[in-house]
Amino acid sequence: MKRFMSMVAMTTALVVSLTACGGNAAKPAAEGSDAASTEPVVIKLGTTVNEQDSFQVAAEKFKELVAEKTNGAYAIEIYPNGSLGDERTMLEGMQMGTLDMGIITSGPFVNFIPEMGVLDMPFLFPDNSSAYKVLDGEVGQGLLDKFEGANLKGLAYAERGFRNLTNNVKPVTSAADVNGLKIRVMENEVYISTFGSLGVNAVPMAWSEALTALQQHTIDGQENPVNVIHSFKLWESQKYLTMTRHAYASAIITMSLQKFNALPEDVQVAFKEAAQEAAEYERQWVADNEANQLEDIKANGVEVVENPDIESFKTAVKPTYDKYGEKYSDLIAQIQDVLSK
């Protein structure tokens, strides 16, 4: 009997031991199963615009290209309409690593990378192709390289476009006409200076707040490219549009440096390639749609001044060049050198 009981005890111990070993071995097998490995890594990308805006076009193209270039290993989730915060909040989130990506208008970047303010200087670029030549070349890439000092990764320059003035008070045909108007501008010192030199009561505020202020008529107007005016149906609050084209604004496809550095090298290359291709795709979309959008704006009752006295505006904003000319002198010289070739 003693012998029998001893054998039972040994058998029980062996079974327990094998079960324990088997449990430990099964865990990594389950974690490394095919089902788990096919789940894509999700990257969240935020914008402050609606689904009709050109930023959405860039975001959707970027999503498509990332999936294609990584064979579905990475999936971009798009969060429009400011659902992840205004542009400054999103940039701060990317700095801290709490937000993966965003497509951000160039204006707010001066608060994080001071050199970026050069791109906001009034009448810096004569046309779109000139802007692309600078932004896609050494000057533009040099500016993107500075993002890393702010814990950000600039991937590519998409487009916001040439900015134009709207208001609900009167037609604006020359610089003198804007004197005294209360105009929303981006939270950017160069824009504030530019409109201050025009005699405007410049009100810096986030875009989400500006939309409410326009509807409530607590401000008279704003300045933005045609595609923004159209996608947000600003004819509901604005009566006049003047094609000042006073500044070219890019839209930078930006990533948290922490998130970017965590990507494998080949995926980093894929993200950069996808961003540049998406940026160029969106630029073409803007060009292809602007004329029809402008006609639609007119059809909705907005009076459009297509040929204002641009020279009067250029003369009026000279104090901004006096104020920032020395600060950005090297970069302005580099840009002018590129444009002269």
# chains A, B, ... in the order shown; residues from 1 in each chain; ligands from 1
$ closest_atom_pairs --of "stretch 107-207 of chain A" --to "stretch 47-54 of chain A" --cutoff "9 Å" --atoms "only C-alpha atoms" --output "JSON lines"
{"residue": "A:Glu159", "atom": "CA", "partner": "A:Ser54", "partner_atom": "CA", "distance": 8.0}
{"residue": "A:Arg160", "atom": "CA", "partner": "A:Ser54", "partner_atom": "CA", "distance": 7.7}
{"residue": "A:Trp207", "atom": "CA", "partner": "A:Thr48", "partner_atom": "CA", "distance": 7.7}
$ residues_around --residues "A:Ser174" --least-positions-apart "6" --cutoff "10 Å" --atoms "only C-alpha atoms" --output "JSON, numbers by chain"
{"A": [242, 244, 307, 308, 309, 310, 311, 312, 313]}
$ select_by_dssp --residues "stretch 182-221 of chain A" --states "helix (DSSP H, G or I)" --output "PyMOL selection string"
chain A and resi 189-197+207-216
$ closest_residue --among "A:Glu290, A:Phe271, A:Val338, A:Lys233" --to "A:Glu68" --atoms "only C-alpha atoms"
A:Phe271
$ atom_distance --atom1 "atom CA of A:Ile183" --atom2 "atom CA of A:Arg283"
26.7 Å
$ residues_around --residues "A:Asp266" --least-positions-apart "3" --cutoff "10 Å" --atoms "only C-alpha atoms" --output "CSV table (one decimal) with all heavy atoms, in the first residue's frame"
chain,number,residue,atom,x,y,z
A,69,LYS,N,2.4,51.1,-48.7
A,69,LYS,CA,3.8,51.1,-48.5
A,69,LYS,C,4.3,50.2,-47.4
A,69,LYS,O,5.4,49.7,-47.4
A,69,LYS,CB,4.4,52.5,-48.4
A,69,LYS,CG,4.4,53.3,-49.6
A,69,LYS,CD,4.9,54.7,-49.4
A,69,LYS,CE,4.7,55.6,-50.6
A,69,LYS,NZ,5.6,55.2,-51.7
A,70,THR,N,3.4,49.9,-46.4
A,70,THR,CA,3.8,49.0,-45.3
A,70,THR,C,3.0,47.7,-45.3
A,70,THR,O,3.0,47.0,-44.4
A,70,THR,CB,3.5,49.7,-43.9
A,70,THR,OG1,2.0,49.9,-43.8
A,70,THR,CG2,4.2,51.1,-43.8
A,263,LEU,N,9.5,54.0,-34.9
A,263,LEU,CA,9.2,53.3,-36.1
A,263,LEU,C,10.5,52.6,-36.6
A,263,LEU,O,11.5,53.2,-36.5
A,263,LEU,CB,8.6,54.2,-37.2
A,263,LEU,CG,7.3,54.9,-36.9
A,263,LEU,CD1,7.0,55.8,-38.1
A,263,LEU,CD2,6.2,53.9,-36.7
A,269,VAL,N,11.0,55.6,-43.6
A,269,VAL,CA,11.2,55.9,-45.0
A,269,VAL,C,9.8,55.9,-45.7
A,269,VAL,O,9.5,56.8,-46.5
A,269,VAL,CB,12.1,55.0,-45.7
A,269,VAL,CG1,12.1,55.2,-47.2
A,269,VAL,CG2,13.6,55.1,-45.2
A,270,ALA,N,9.0,54.9,-45.4
A,270,ALA,CA,7.7,54.8,-46.0
A,270,ALA,C,6.8,56.0,-45.6
A,270,ALA,O,6.1,56.5,-46.5
A,270,ALA,CB,7.0,53.5,-45.6
A,271,PHE,N,6.8,56.4,-44.4
A,271,PHE,CA,6.0,57.5,-43.9
A,271,PHE,C,6.4,58.8,-44.6
A,271,PHE,O,5.6,59.6,-45.0
A,271,PHE,CB,6.1,57.6,-42.4
A,271,PHE,CG,5.1,56.9,-41.6
A,271,PHE,CD1,4.9,55.5,-41.8
A,271,PHE,CD2,4.3,57.5,-40.7
A,271,PHE,CE1,4.0,54.7,-41.1
A,271,PHE,CE2,3.3,56.8,-40.0
A,271,PHE,CZ,3.2,55.4,-40.2
$ residues_around --residues "A:Ala278" --least-positions-apart "5" --cutoff "12 Å" --atoms "only C-alpha atoms" --output "list in words"
Ser54, Phe55, Gln56, Val57, Ala58, Ala59, Glu60, Lys61, Phe62, Lys63, Glu64, Leu65, Val66, Ile103, Leu155, Ala156, Tyr157, Ala158, Glu159, Ala251, Ile252, Ile253, Ala270, Phe271, Lys272, Glu273, Arg283, Gln284 and Trp285 of chain A
$ write_last_selection --atoms "N, CA, C and O atoms" --output "mmCIF file, in the first residue's frame"
data_model
loop_
_atom_site.group_PDB
_atom_site.id
_atom_site.type_symbol
_atom_site.label_atom_id
_atom_site.label_comp_id
_atom_site.auth_asym_id
_atom_site.auth_seq_id
_atom_site.Cartn_x
_atom_site.Cartn_y
_atom_site.Cartn_z
ATOM 1 N N SER A 54 -9.261 70.532 -47.971
ATOM 2 C CA SER A 54 -8.130 69.909 -48.652
ATOM 3 C C SER A 54 -7.237 69.126 -47.682
ATOM 4 O O SER A 54 -6.555 68.183 -48.095
ATOM 5 N N PHE A 55 -7.232 69.485 -46.399
ATOM 6 C CA PHE A 55 -6.452 68.714 -45.422
ATOM 7 C C PHE A 55 -6.967 67.278 -45.342
ATOM 8 O O PHE A 55 -6.199 66.342 -45.168
ATOM 9 N N GLN A 56 -8.276 67.139 -45.454
ATOM 10 C CA GLN A 56 -8.868 65.798 -45.437
ATOM 11 C C GLN A 56 -8.410 65.008 -46.667
ATOM 12 O O GLN A 56 -8.142 63.805 -46.578
ATOM 13 N N VAL A 57 -8.308 65.705 -47.803
ATOM 14 C CA VAL A 57 -7.822 65.069 -49.030
ATOM 15 C C VAL A 57 -6.405 64.548 -48.811
ATOM 16 O O VAL A 57 -6.079 63.406 -49.164
ATOM 17 N N ALA A 58 -5.548 65.374 -48.210
ATOM 18 C CA ALA A 58 -4.166 64.963 -47.938
ATOM 19 C C ALA A 58 -4.128 63.806 -46.947
ATOM 20 O O ALA A 58 -3.361 62.846 -47.122
ATOM 21 N N ALA A 59 -4.960 63.898 -45.912
ATOM 22 C CA ALA A 59 -4.970 62.847 -44.881
ATOM 23 C C ALA A 59 -5.424 61.508 -45.446
ATOM 24 O O ALA A 59 -4.836 60.458 -45.148
ATOM 25 N N GLU A 60 -6.462 61.528 -46.274
ATOM 26 C CA GLU A 60 -6.966 60.288 -46.865
ATOM 27 C C GLU A 60 -5.927 59.668 -47.802
ATOM 28 O O GLU A 60 -5.754 58.443 -47.831
ATOM 29 N N LYS A 61 -5.240 60.525 -48.576
ATOM 30 C CA LYS A 61 -4.210 60.010 -49.486
ATOM 31 C C LYS A 61 -3.039 59.435 -48.692
ATOM 32 O O LYS A 61 -2.489 58.384 -49.048
ATOM 33 N N PHE A 62 -2.657 60.121 -47.625
ATOM 34 C CA PHE A 62 -1.575 59.635 -46.775
ATOM 35 C C PHE A 62 -1.945 58.277 -46.168
ATOM 36 O O PHE A 62 -1.130 57.343 -46.156
ATOM 37 N N LYS A 63 -3.165 58.160 -45.702
ATOM 38 C CA LYS A 63 -3.652 56.893 -45.138
ATOM 39 C C LYS A 63 -3.531 55.761 -46.154
ATOM 40 O O LYS A 63 -3.034 54.665 -45.843
ATOM 41 N N GLU A 64 -3.982 56.038 -47.372
ATOM 42 C CA GLU A 64 -3.938 55.038 -48.448
ATOM 43 C C GLU A 64 -2.487 54.627 -48.753
ATOM 44 O O GLU A 64 -2.185 53.435 -48.893
ATOM 45 N N LEU A 65 -1.605 55.603 -48.839
ATOM 46 C CA LEU A 65 -0.216 55.331 -49.201
ATOM 47 C C LEU A 65 0.545 54.592 -48.100
ATOM 48 O O LEU A 65 1.365 53.716 -48.375
ATOM 49 N N VAL A 66 0.264 54.933 -46.848
ATOM 50 C CA VAL A 66 0.925 54.238 -45.739
ATOM 51 C C VAL A 66 0.520 52.766 -45.720
ATOM 52 O O VAL A 66 1.354 51.870 -45.556
ATOM 53 N N ILE A 103 -1.995 67.322 -39.380
ATOM 54 C CA ILE A 103 -1.712 68.200 -40.521
ATOM 55 C C ILE A 103 -2.033 69.600 -40.019
ATOM 56 O O ILE A 103 -3.190 69.913 -39.708
ATOM 57 N N LEU A 155 7.348 66.033 -41.821
ATOM 58 C CA LEU A 155 7.485 65.048 -42.898
ATOM 59 C C LEU A 155 7.406 65.666 -44.295
ATOM 60 O O LEU A 155 8.157 65.272 -45.184
ATOM 61 N N ALA A 156 6.477 66.612 -44.501
ATOM 62 C CA ALA A 156 6.320 67.204 -45.840
ATOM 63 C C ALA A 156 5.407 68.417 -45.756
ATOM 64 O O ALA A 156 4.623 68.568 -44.811
ATOM 65 N N TYR A 157 5.520 69.278 -46.788
ATOM 66 C CA TYR A 157 4.691 70.472 -46.885
ATOM 67 C C TYR A 157 3.509 70.214 -47.818
ATOM 68 O O TYR A 157 3.662 70.175 -49.036
ATOM 69 N N ALA A 158 2.338 70.038 -47.237
ATOM 70 C CA ALA A 158 1.117 70.078 -48.043
ATOM 71 C C ALA A 158 0.737 71.556 -48.179
ATOM 72 O O ALA A 158 1.562 72.441 -47.922
ATOM 73 N N GLU A 159 -0.502 71.829 -48.554
ATOM 74 C CA GLU A 159 -0.853 73.213 -48.886
ATOM 75 C C GLU A 159 -2.105 73.698 -48.161
ATOM 76 O O GLU A 159 -3.128 73.021 -48.160
ATOM 77 N N ALA A 251 0.840 73.571 -45.262
ATOM 78 C CA ALA A 251 0.192 72.723 -44.256
ATOM 79 C C ALA A 251 1.146 71.563 -44.023
ATOM 80 O O ALA A 251 1.383 70.772 -44.923
ATOM 81 N N ILE A 252 1.716 71.505 -42.839
ATOM 82 C CA ILE A 252 2.829 70.575 -42.631
ATOM 83 C C ILE A 252 2.331 69.269 -42.020
ATOM 84 O O ILE A 252 1.675 69.245 -40.983
ATOM 85 N N ILE A 253 2.624 68.185 -42.717
ATOM 86 C CA ILE A 253 2.314 66.852 -42.202
ATOM 87 C C ILE A 253 3.368 66.561 -41.141
ATOM 88 O O ILE A 253 4.547 66.392 -41.446
ATOM 89 N N ALA A 270 9.000 54.911 -45.412
ATOM 90 C CA ALA A 270 7.664 54.791 -46.016
ATOM 91 C C ALA A 270 6.783 55.964 -45.620
ATOM 92 O O ALA A 270 6.051 56.521 -46.457
ATOM 93 N N PHE A 271 6.838 56.372 -44.359
ATOM 94 C CA PHE A 271 6.028 57.492 -43.883
ATOM 95 C C PHE A 271 6.447 58.793 -44.569
ATOM 96 O O PHE A 271 5.599 59.596 -44.969
ATOM 97 N N LYS A 272 7.748 59.012 -44.713
ATOM 98 C CA LYS A 272 8.219 60.238 -45.356
ATOM 99 C C LYS A 272 7.830 60.269 -46.832
ATOM 100 O O LYS A 272 7.391 61.305 -47.347
ATOM 101 N N GLU A 273 7.983 59.144 -47.504
ATOM 102 C CA GLU A 273 7.592 59.069 -48.918
ATOM 103 C C GLU A 273 6.093 59.284 -49.081
ATOM 104 O O GLU A 273 5.646 60.015 -49.974
ATOM 105 N N ARG A 283 -1.892 69.343 -53.205
ATOM 106 C CA ARG A 283 -1.637 70.607 -53.904
ATOM 107 C C ARG A 283 -2.351 70.644 -55.249
ATOM 108 O O ARG A 283 -2.958 71.654 -55.628
ATOM 109 N N GLN A 284 -2.271 69.541 -55.980
ATOM 110 C CA GLN A 284 -2.922 69.481 -57.284
ATOM 111 C C GLN A 284 -4.430 69.545 -57.143
ATOM 112 O O GLN A 284 -5.119 70.182 -57.946
ATOM 113 N N TRP A 285 -4.951 68.907 -56.099
ATOM 114 C CA TRP A 285 -6.394 68.948 -55.836
ATOM 115 C C TRP A 285 -6.847 70.384 -55.597
ATOM 116 O O TRP A 285 -7.890 70.820 -56.107
#
$ atom_distance --atom1 "atom CA of A:Ser83" --atom2 "atom CA of A:Leu45"
10.5 Å
$ atom_distance --atom1 "atom CA of A:Gly154" --atom2 "atom CA of A:Asn224"
22.5 Å
$ residues_around --residues "A:Val190" --least-positions-apart "2" --cutoff "7 Å" --atoms "only C-alpha atoms" --output "ChimeraX atom specification"
/A:117,120-121,188,192-194
$ residues_around --residues "A:Ile43" --least-positions-apart "2" --cutoff "8 Å" --atoms "only C-alpha atoms" --output "ChimeraX atom specification"
/A:41,45,74-77,100-101
$ write_last_selection --atoms "N, CA, C and O atoms" --output "compact mmCIF listing (two decimals), in the first residue's frame"
# COMPACT_ATOMS: atom_id res chain seq x y z
N VAL A 41 -0.63 48.43 -36.72
CA VAL A 41 -0.32 49.45 -35.73
C VAL A 41 -1.11 50.70 -36.10
O VAL A 41 -0.99 51.20 -37.22
N LEU A 45 -4.14 60.60 -36.52
CA LEU A 45 -3.79 61.85 -37.19
C LEU A 45 -4.94 62.83 -37.05
O LEU A 45 -6.07 62.54 -37.44
N TYR A 74 0.60 49.21 -40.94
CA TYR A 74 0.28 50.45 -40.23
C TYR A 74 -1.02 51.03 -40.80
O TYR A 74 -1.22 51.03 -42.02
N ALA A 75 -1.87 51.51 -39.90
CA ALA A 75 -3.17 52.07 -40.31
C ALA A 75 -3.30 53.48 -39.73
O ALA A 75 -3.10 53.69 -38.54
N ILE A 76 -3.62 54.43 -40.59
CA ILE A 76 -3.82 55.82 -40.16
C ILE A 76 -5.29 56.03 -39.84
O ILE A 76 -6.16 55.77 -40.68
N GLU A 77 -5.58 56.51 -38.64
CA GLU A 77 -6.95 56.89 -38.24
C GLU A 77 -7.03 58.41 -38.26
O GLU A 77 -6.23 59.09 -37.59
N ASP A 100 -0.09 61.23 -32.06
CA ASP A 100 0.84 60.69 -33.05
C ASP A 100 1.18 61.70 -34.15
O ASP A 100 2.35 61.95 -34.44
N MET A 101 0.13 62.25 -34.79
CA MET A 101 0.34 63.05 -35.99
C MET A 101 -0.72 64.12 -36.15
O MET A 101 -1.79 64.05 -35.55
$ closest_atom_pairs --of "stretch 154-206 of chain A" --to "stretch 299-306 of chain A" --cutoff "10 Å" --atoms "only C-alpha atoms" --output "CSV"
residue,atom,partner,partner_atom,distance
A:Leu165,CA,A:Val305,CA,9.9
A:Thr166,CA,A:Val304,CA,9.1
A:Asn167,CA,A:Val302,CA,9.9
A:Asn168,CA,A:Val302,CA,9.5
A:Lys170,CA,A:Glu303,CA,9.5
A:Pro171,CA,A:Val305,CA,7.3
A:Val172,CA,A:Val305,CA,7.2
A:Thr173,CA,A:Val305,CA,6.7
$ write_last_selection --atoms "N, CA and C atoms" --output "compact mmCIF listing (two decimals), in the first residue's frame"
# COMPACT_ATOMS: atom_id res chain seq x y z
N LEU A 165 -8.66 87.93 -47.96
CA LEU A 165 -9.41 88.60 -46.90
C LEU A 165 -10.92 88.56 -47.14
N THR A 166 -11.69 88.23 -46.09
CA THR A 166 -13.14 88.36 -46.16
C THR A 166 -13.61 89.25 -45.01
N ASN A 167 -14.78 89.88 -45.22
CA ASN A 167 -15.38 90.67 -44.13
C ASN A 167 -16.87 90.84 -44.40
N ASN A 168 -17.59 91.33 -43.40
CA ASN A 168 -19.03 91.51 -43.57
C ASN A 168 -19.44 92.98 -43.48
N LYS A 170 -17.75 95.84 -45.76
CA LYS A 170 -17.68 96.62 -47.01
C LYS A 170 -16.71 95.96 -47.98
N PRO A 171 -16.82 96.31 -49.27
CA PRO A 171 -15.84 95.81 -50.24
C PRO A 171 -14.46 96.43 -49.93
N VAL A 172 -13.44 95.64 -50.09
CA VAL A 172 -12.07 96.12 -49.87
C VAL A 172 -11.35 96.08 -51.21
N THR A 173 -10.95 97.26 -51.69
CA THR A 173 -10.26 97.33 -52.98
C THR A 173 -8.81 97.80 -52.84
$ closest_residue --among "A:Asn164, A:Ser231, A:Asn292, A:Gln141" --to "A:Gln276" --atoms "only C-alpha atoms"
A:Gln141
$ closest_residue --among "A:Tyr240, A:Tyr324, A:Phe260, A:Tyr79" --to "A:Leu152" --atoms "only C-alpha atoms"
A:Phe260
$ closest_residue --among "A:Glu280, A:Glu223, A:Val185, A:Met255" --to "A:Gln268" --atoms "only C-alpha atoms"
A:Met255
$ select_by_dssp --residues "stretch 177-279 of chain A" --states "strand (DSSP E or B)" --output "list in words"
Lys182, Ile183, Arg184, Val185, Asn201, Ala202, Val203, Pro204, Gly221, Gln222, Glu223, Asn224, Tyr240, Leu241, Thr242, Tyr248, Ala249, Ser250, Ala251, Ile252, Ile253, Thr254, Met255 and Ser256 of chain A
$ write_last_selection --atoms "C-alpha atoms" --output "PDB file, in the first residue's frame"
ATOM      1  CA  LYS A 182     -11.689  93.687 -36.708  1.00  0.00           C
ATOM      2  CA  ILE A 183     -10.080  90.677 -38.368  1.00  0.00           C
ATOM      3  CA  ARG A 184      -9.256  87.248 -36.972  1.00  0.00           C
ATOM      4  CA  VAL A 185      -5.683  86.167 -37.643  1.00  0.00           C
ATOM      5  CA  ASN A 201      -7.685  95.442 -35.256  1.00  0.00           C
ATOM      6  CA  ALA A 202      -6.017  92.024 -35.488  1.00  0.00           C
ATOM      7  CA  VAL A 203      -7.577  89.403 -33.208  1.00  0.00           C
ATOM      8  CA  PRO A 204      -5.457  86.239 -32.846  1.00  0.00           C
ATOM      9  CA  GLY A 221     -13.766  89.108 -40.926  1.00  0.00           C
ATOM     10  CA  GLN A 222     -10.898  86.698 -41.376  1.00  0.00           C
ATOM     11  CA  GLU A 223      -8.218  85.712 -43.909  1.00  0.00           C
ATOM     12  CA  ASN A 224      -7.865  82.276 -45.487  1.00  0.00           C
ATOM     13  CA  TYR A 240     -17.133  90.379 -49.211  1.00  0.00           C
ATOM     14  CA  LEU A 241     -14.022  88.543 -50.411  1.00  0.00           C
ATOM     15  CA  THR A 242     -10.885  90.316 -51.623  1.00  0.00           C
ATOM     16  CA  TYR A 248       1.217  81.685 -48.805  1.00  0.00           C
ATOM     17  CA  ALA A 249       0.506  79.140 -46.066  1.00  0.00           C
ATOM     18  CA  SER A 250       1.734  75.585 -46.199  1.00  0.00           C
ATOM     19  CA  ALA A 251       0.192  72.723 -44.256  1.00  0.00           C
ATOM     20  CA  ILE A 252       2.829  70.575 -42.631  1.00  0.00           C
ATOM     21  CA  ILE A 253       2.314  66.852 -42.202  1.00  0.00           C
ATOM     22  CA  THR A 254       3.830  66.557 -38.753  1.00  0.00           C
ATOM     23  CA  MET A 255       4.565  63.664 -36.407  1.00  0.00           C
ATOM     24  CA  SER A 256       5.589  63.266 -32.793  1.00  0.00           C
TER      25      SER A 256
END
$ decode --residues "stretch 249-259 of chain A" --atoms "all heavy atoms" --output "mmCIF file, in the first residue's frame"
data_model
loop_
_atom_site.group_PDB
_atom_site.id
_atom_site.type_symbol
_atom_site.label_atom_id
_atom_site.label_comp_id
_atom_site.auth_asym_id
_atom_site.auth_seq_id
_atom_site.Cartn_x
_atom_site.Cartn_y
_atom_site.Cartn_z
ATOM 1 N N ALA A 249 0.431 79.997 -47.252
ATOM 2 C CA ALA A 249 0.506 79.140 -46.066
ATOM 3 C C ALA A 249 0.620 77.682 -46.488
ATOM 4 O O ALA A 249 -0.192 77.189 -47.268
ATOM 5 C CB ALA A 249 -0.724 79.329 -45.185
ATOM 6 N N SER A 250 1.631 77.029 -45.981
ATOM 7 C CA SER A 250 1.734 75.585 -46.199
ATOM 8 C C SER A 250 0.945 74.864 -45.113
ATOM 9 O O SER A 250 0.439 75.479 -44.173
ATOM 10 C CB SER A 250 3.203 75.147 -46.168
ATOM 11 O OG SER A 250 3.768 75.433 -44.909
ATOM 12 N N ALA A 251 0.840 73.571 -45.262
ATOM 13 C CA ALA A 251 0.192 72.723 -44.256
ATOM 14 C C ALA A 251 1.146 71.563 -44.023
ATOM 15 O O ALA A 251 1.383 70.772 -44.923
ATOM 16 C CB ALA A 251 -1.152 72.221 -44.764
ATOM 17 N N ILE A 252 1.716 71.505 -42.839
ATOM 18 C CA ILE A 252 2.829 70.575 -42.631
ATOM 19 C C ILE A 252 2.331 69.269 -42.020
ATOM 20 O O ILE A 252 1.675 69.245 -40.983
ATOM 21 C CB ILE A 252 3.905 71.227 -41.750
ATOM 22 C CG1 ILE A 252 4.363 72.529 -42.424
ATOM 23 C CG2 ILE A 252 5.080 70.279 -41.563
ATOM 24 C CD1 ILE A 252 5.200 73.408 -41.569
ATOM 25 N N ILE A 253 2.624 68.185 -42.717
ATOM 26 C CA ILE A 253 2.314 66.852 -42.202
ATOM 27 C C ILE A 253 3.368 66.561 -41.141
ATOM 28 O O ILE A 253 4.547 66.392 -41.446
ATOM 29 C CB ILE A 253 2.321 65.805 -43.325
ATOM 30 C CG1 ILE A 253 1.311 66.197 -44.425
ATOM 31 C CG2 ILE A 253 1.990 64.421 -42.771
ATOM 32 C CD1 ILE A 253 1.315 65.289 -45.642
ATOM 33 N N THR A 254 2.924 66.545 -39.903
ATOM 34 C CA THR A 254 3.830 66.557 -38.753
ATOM 35 C C THR A 254 3.590 65.348 -37.867
ATOM 36 O O THR A 254 2.449 64.906 -37.696
ATOM 37 C CB THR A 254 3.607 67.837 -37.929
ATOM 38 O OG1 THR A 254 3.628 68.972 -38.794
ATOM 39 C CG2 THR A 254 4.666 68.012 -36.852
ATOM 40 N N MET A 255 4.666 64.839 -37.273
ATOM 41 C CA MET A 255 4.565 63.664 -36.407
ATOM 42 C C MET A 255 5.295 63.920 -35.093
ATOM 43 O O MET A 255 6.231 64.721 -35.031
ATOM 44 C CB MET A 255 5.167 62.456 -37.123
ATOM 45 C CG MET A 255 4.830 61.123 -36.499
ATOM 46 S SD MET A 255 5.252 59.757 -37.621
ATOM 47 C CE MET A 255 4.521 58.386 -36.709
ATOM 48 N N SER A 256 4.857 63.265 -34.048
ATOM 49 C CA SER A 256 5.589 63.266 -32.793
ATOM 50 C C SER A 256 6.962 62.653 -33.047
ATOM 51 O O SER A 256 7.067 61.568 -33.623
ATOM 52 C CB SER A 256 4.832 62.436 -31.752
ATOM 53 O OG SER A 256 5.686 62.043 -30.693
ATOM 54 N N LEU A 257 8.032 63.340 -32.633
ATOM 55 C CA LEU A 257 9.379 62.793 -32.834
ATOM 56 C C LEU A 257 9.534 61.469 -32.093
ATOM 57 O O LEU A 257 10.160 60.530 -32.598
ATOM 58 C CB LEU A 257 10.435 63.791 -32.352
ATOM 59 C CG LEU A 257 11.894 63.372 -32.558
ATOM 60 C CD1 LEU A 257 12.210 63.175 -34.039
ATOM 61 C CD2 LEU A 257 12.839 64.405 -31.951
ATOM 62 N N GLN A 258 8.941 61.390 -30.923
ATOM 63 C CA GLN A 258 8.993 60.151 -30.138
ATOM 64 C C GLN A 258 8.368 58.992 -30.907
ATOM 65 O O GLN A 258 8.924 57.892 -30.972
ATOM 66 C CB GLN A 258 8.254 60.377 -28.814
ATOM 67 C CG GLN A 258 8.185 59.171 -27.894
ATOM 68 C CD GLN A 258 7.374 59.471 -26.630
ATOM 69 O OE1 GLN A 258 7.380 60.587 -26.132
ATOM 70 N NE2 GLN A 258 6.668 58.470 -26.137
ATOM 71 N N LYS A 259 7.210 59.244 -31.521
ATOM 72 C CA LYS A 259 6.522 58.200 -32.293
ATOM 73 C C LYS A 259 7.315 57.834 -33.547
ATOM 74 O O LYS A 259 7.424 56.660 -33.909
ATOM 75 C CB LYS A 259 5.117 58.666 -32.677
ATOM 76 C CG LYS A 259 4.172 58.844 -31.500
ATOM 77 C CD LYS A 259 3.666 57.518 -30.983
ATOM 78 C CE LYS A 259 2.619 57.726 -29.891
ATOM 79 N NZ LYS A 259 2.116 56.445 -29.368
#
